[in-house]
Structures are given as C-alpha cells and as structure tokens.
Amino acid sequence: MAQAIEVAPHVITEGSTIRHSTLCTEQTVVEIEDGTVRTTYDDEEFVYPREQLALDLSVGRFEVVS
C-alpha cells in the first residue's frame, strides 16, 4: 500500500496540509490508502478517490501547504 502521492514537485503524505484553491480551506491528510485519501477540515472529514486528488493537485484545484 502506497503511503504517499507524488505530484511533482511535491510528495503528499499523511500529515500533509493541502489548500482548496477556490474555497481557501486547509485540509490535513490523515490517511492514504490504495484507492482513497482521507482529509479533515475543522470537524469535517472528506474522502477523495486517490486518482482524483492527484489530478486536482496537478491542475491546481488544490495546492500543497506543507
């Protein structure tokens, strides 16, 4: 099971922070599995398909904060 998503030049791992470019919300990556990525923002949890999140990162829908 891969514990990271690589979207050049960044590598996203559990504990990484990503920002939604439109909503400007910062989400913390709490779990990366083969098919899904779980993030949290305040008291909300989001589950993204791994491939979709990688695509969203590559086109700038999300940006890596840390």
# chains A, B, ... in the order shown; residues from 1 in each chain; ligands from 1

$ residues_around --residues "segment 16-30 of chain A" --least-positions-apart "3" --cutoff "8 Å" --atoms "only C-alpha atoms" --output "number ranges by chain"
A: 12-13, 37-41, 60-66

$ select_by_dssp --residues "segment 2-66 of chain A" --states "strand (DSSP E)" --output "PyMOL selection string"
chain A and resi 4-7+10-13+17-20+26-32+36-41+44-49+62-64

$ select_by_dssp --residues "chain A" --states "alpha helix (DSSP H)" --output "NGL selection string"
:A and (50-58)

$ write_last_selection --atoms "N, CA and C atoms" --output "PDB file, in the first residue's frame"
ATOM      1  N   ARG A  50      -8.165   8.495  -4.752  1.00  0.00           N
ATOM      2  CA  ARG A  50      -6.742   8.829  -4.837  1.00  0.00           C
ATOM      3  C   ARG A  50      -6.380   9.467  -6.182  1.00  0.00           C
ATOM      4  N   GLU A  51      -6.857   8.885  -7.277  1.00  0.00           N
ATOM      5  CA  GLU A  51      -6.541   9.398  -8.605  1.00  0.00           C
ATOM      6  C   GLU A  51      -7.127  10.789  -8.814  1.00  0.00           C
ATOM      7  N   GLN A  52      -8.325  11.028  -8.277  1.00  0.00           N
ATOM      8  CA  GLN A  52      -8.958  12.341  -8.431  1.00  0.00           C
ATOM      9  C   GLN A  52      -8.177  13.416  -7.678  1.00  0.00           C
ATOM     10  N   LEU A  53      -7.736  13.099  -6.465  1.00  0.00           N
ATOM     11  CA  LEU A  53      -6.969  14.076  -5.695  1.00  0.00           C
ATOM     12  C   LEU A  53      -5.646  14.379  -6.401  1.00  0.00           C
ATOM     13  N   ALA A  54      -4.999  13.370  -6.944  1.00  0.00           N
ATOM     14  CA  ALA A  54      -3.748  13.594  -7.684  1.00  0.00           C
ATOM     15  C   ALA A  54      -3.998  14.498  -8.886  1.00  0.00           C
ATOM     16  N   LEU A  55      -5.092  14.266  -9.605  1.00  0.00           N
ATOM     17  CA  LEU A  55      -5.435  15.114 -10.746  1.00  0.00           C
ATOM     18  C   LEU A  55      -5.724  16.538 -10.286  1.00  0.00           C
ATOM     19  N   ASP A  56      -6.511  16.682  -9.222  1.00  0.00           N
ATOM     20  CA  ASP A  56      -6.846  18.003  -8.690  1.00  0.00           C
ATOM     21  C   ASP A  56      -5.590  18.765  -8.262  1.00  0.00           C
ATOM     22  N   LEU A  57      -4.634  18.073  -7.691  1.00  0.00           N
ATOM     23  CA  LEU A  57      -3.363  18.707  -7.319  1.00  0.00           C
ATOM     24  C   LEU A  57      -2.587  19.135  -8.557  1.00  0.00           C
ATOM     25  N   SER A  58      -2.583  18.308  -9.585  1.00  0.00           N
ATOM     26  CA  SER A  58      -1.795  18.611 -10.786  1.00  0.00           C
ATOM     27  C   SER A  58      -2.364  19.780 -11.579  1.00  0.00           C
TER      28      SER A  58
END

$ atom_distance --atom1 "atom CA of Ile32 of chain A" --atom2 "atom CA of Ala4 of chain A"
6.8 Å

$ atom_distance --atom1 "atom CA of Gly35 of chain A" --atom2 "atom CA of Val7 of chain A"
16.0 Å

$ atom_distance --atom1 "atom CA of Asp43 of chain A" --atom2 "atom CA of Glu6 of chain A"
26.7 Å

$ decode --residues "segment 19-51 of chain A" --atoms "N, CA and C atoms" --output "mmCIF file, in the first residue's frame"
data_model
loop_
_atom_site.group_PDB
_atom_site.id
_atom_site.type_symbol
_atom_site.label_atom_id
_atom_site.label_comp_id
_atom_site.auth_asym_id
_atom_site.auth_seq_id
_atom_site.Cartn_x
_atom_site.Cartn_y
_atom_site.Cartn_z
ATOM 1 N N ARG A 19 -4.486 22.970 0.461
ATOM 2 C CA ARG A 19 -5.457 24.076 0.462
ATOM 3 C C ARG A 19 -6.291 24.005 -0.810
ATOM 4 N N HIS A 20 -7.615 24.063 -0.641
ATOM 5 C CA HIS A 20 -8.521 24.131 -1.782
ATOM 6 C C HIS A 20 -8.407 25.526 -2.377
ATOM 7 N N SER A 21 -8.091 25.623 -3.660
ATOM 8 C CA SER A 21 -7.784 26.918 -4.264
ATOM 9 C C SER A 21 -8.995 27.840 -4.359
ATOM 10 N N THR A 22 -10.198 27.319 -4.478
ATOM 11 C CA THR A 22 -11.390 28.161 -4.573
ATOM 12 C C THR A 22 -11.940 28.516 -3.197
ATOM 13 N N LEU A 23 -12.069 27.507 -2.350
ATOM 14 C CA LEU A 23 -12.651 27.719 -1.021
ATOM 15 C C LEU A 23 -11.642 28.251 -0.002
ATOM 16 N N CYS A 24 -10.362 28.120 -0.315
ATOM 17 C CA CYS A 24 -9.268 28.543 0.575
ATOM 18 C C CYS A 24 -9.305 27.843 1.936
ATOM 19 N N THR A 25 -9.808 26.625 1.962
ATOM 20 C CA THR A 25 -9.811 25.847 3.197
ATOM 21 C C THR A 25 -8.583 24.948 3.210
ATOM 22 N N GLU A 26 -7.962 24.820 4.365
ATOM 23 C CA GLU A 26 -6.800 23.951 4.511
ATOM 24 C C GLU A 26 -7.229 22.639 5.134
ATOM 25 N N GLN A 27 -6.911 21.558 4.456
ATOM 26 C CA GLN A 27 -7.271 20.222 4.911
ATOM 27 C C GLN A 27 -5.998 19.452 5.242
ATOM 28 N N THR A 28 -6.067 18.658 6.298
ATOM 29 C CA THR A 28 -4.948 17.823 6.702
ATOM 30 C C THR A 28 -5.189 16.403 6.218
ATOM 31 N N VAL A 29 -4.195 15.818 5.563
ATOM 32 C CA VAL A 29 -4.284 14.435 5.095
ATOM 33 C C VAL A 29 -4.084 13.527 6.305
ATOM 34 N N VAL A 30 -5.093 12.707 6.610
ATOM 35 C CA VAL A 30 -4.998 11.837 7.777
ATOM 36 C C VAL A 30 -4.795 10.378 7.408
ATOM 37 N N GLU A 31 -5.124 10.001 6.171
ATOM 38 C CA GLU A 31 -4.938 8.601 5.780
ATOM 39 C C GLU A 31 -4.845 8.509 4.263
ATOM 40 N N ILE A 32 -3.874 7.732 3.788
ATOM 41 C CA ILE A 32 -3.731 7.448 2.365
ATOM 42 C C ILE A 32 -3.790 5.946 2.200
ATOM 43 N N GLU A 33 -4.755 5.487 1.410
ATOM 44 C CA GLU A 33 -4.890 4.067 1.107
ATOM 45 C C GLU A 33 -4.712 3.879 -0.393
ATOM 46 N N ASP A 34 -4.788 2.633 -0.847
ATOM 47 C CA ASP A 34 -4.603 2.358 -2.270
ATOM 48 C C ASP A 34 -5.594 3.117 -3.138
ATOM 49 N N GLY A 35 -6.844 3.225 -2.716
ATOM 50 C CA GLY A 35 -7.855 3.849 -3.564
ATOM 51 C C GLY A 35 -8.404 5.165 -3.070
ATOM 52 N N THR A 36 -8.135 5.523 -1.814
ATOM 53 C CA THR A 36 -8.743 6.725 -1.250
ATOM 54 C C THR A 36 -7.757 7.520 -0.405
ATOM 55 N N VAL A 37 -8.104 8.787 -0.232
ATOM 56 C CA VAL A 37 -7.346 9.676 0.645
ATOM 57 C C VAL A 37 -8.352 10.359 1.553
ATOM 58 N N ARG A 38 -8.123 10.296 2.873
ATOM 59 C CA ARG A 38 -8.992 10.953 3.842
ATOM 60 C C ARG A 38 -8.318 12.222 4.331
ATOM 61 N N THR A 39 -9.116 13.295 4.379
ATOM 62 C CA THR A 39 -8.615 14.561 4.910
ATOM 63 C C THR A 39 -9.612 15.087 5.929
ATOM 64 N N THR A 40 -9.147 16.009 6.773
ATOM 65 C CA THR A 40 -10.036 16.663 7.730
ATOM 66 C C THR A 40 -9.873 18.168 7.629
ATOM 67 N N TYR A 41 -10.968 18.848 7.921
ATOM 68 C CA TYR A 41 -11.000 20.307 7.997
ATOM 69 C C TYR A 41 -11.984 20.648 9.102
ATOM 70 N N ASP A 42 -11.514 21.311 10.148
ATOM 71 C CA ASP A 42 -12.334 21.545 11.344
ATOM 72 C C ASP A 42 -12.883 20.207 11.819
ATOM 73 N N ASP A 43 -14.198 20.072 11.904
ATOM 74 C CA ASP A 43 -14.811 18.817 12.359
ATOM 75 C C ASP A 43 -15.318 17.968 11.205
ATOM 76 N N GLU A 44 -14.976 18.326 9.979
ATOM 77 C CA GLU A 44 -15.462 17.595 8.809
ATOM 78 C C GLU A 44 -14.381 16.667 8.271
ATOM 79 N N GLU A 45 -14.835 15.541 7.726
ATOM 80 C CA GLU A 45 -13.925 14.589 7.101
ATOM 81 C C GLU A 45 -14.313 14.447 5.638
ATOM 82 N N PHE A 46 -13.309 14.411 4.777
ATOM 83 C CA PHE A 46 -13.532 14.258 3.345
ATOM 84 C C PHE A 46 -12.786 13.026 2.863
ATOM 85 N N VAL A 47 -13.398 12.294 1.934
ATOM 86 C CA VAL A 47 -12.764 11.124 1.337
ATOM 87 C C VAL A 47 -12.727 11.348 -0.169
ATOM 88 N N TYR A 48 -11.522 11.347 -0.713
ATOM 89 C CA TYR A 48 -11.338 11.558 -2.144
ATOM 90 C C TYR A 48 -10.794 10.287 -2.781
ATOM 91 N N PRO A 49 -11.235 9.975 -3.989
ATOM 92 C CA PRO A 49 -10.541 8.920 -4.731
ATOM 93 C C PRO A 49 -9.096 9.378 -4.956
ATOM 94 N N ARG A 50 -8.165 8.495 -4.752
ATOM 95 C CA ARG A 50 -6.742 8.829 -4.837
ATOM 96 C C ARG A 50 -6.380 9.467 -6.182
ATOM 97 N N GLU A 51 -6.857 8.885 -7.277
ATOM 98 C CA GLU A 51 -6.541 9.398 -8.605
ATOM 99 C C GLU A 51 -7.127 10.789 -8.814
#
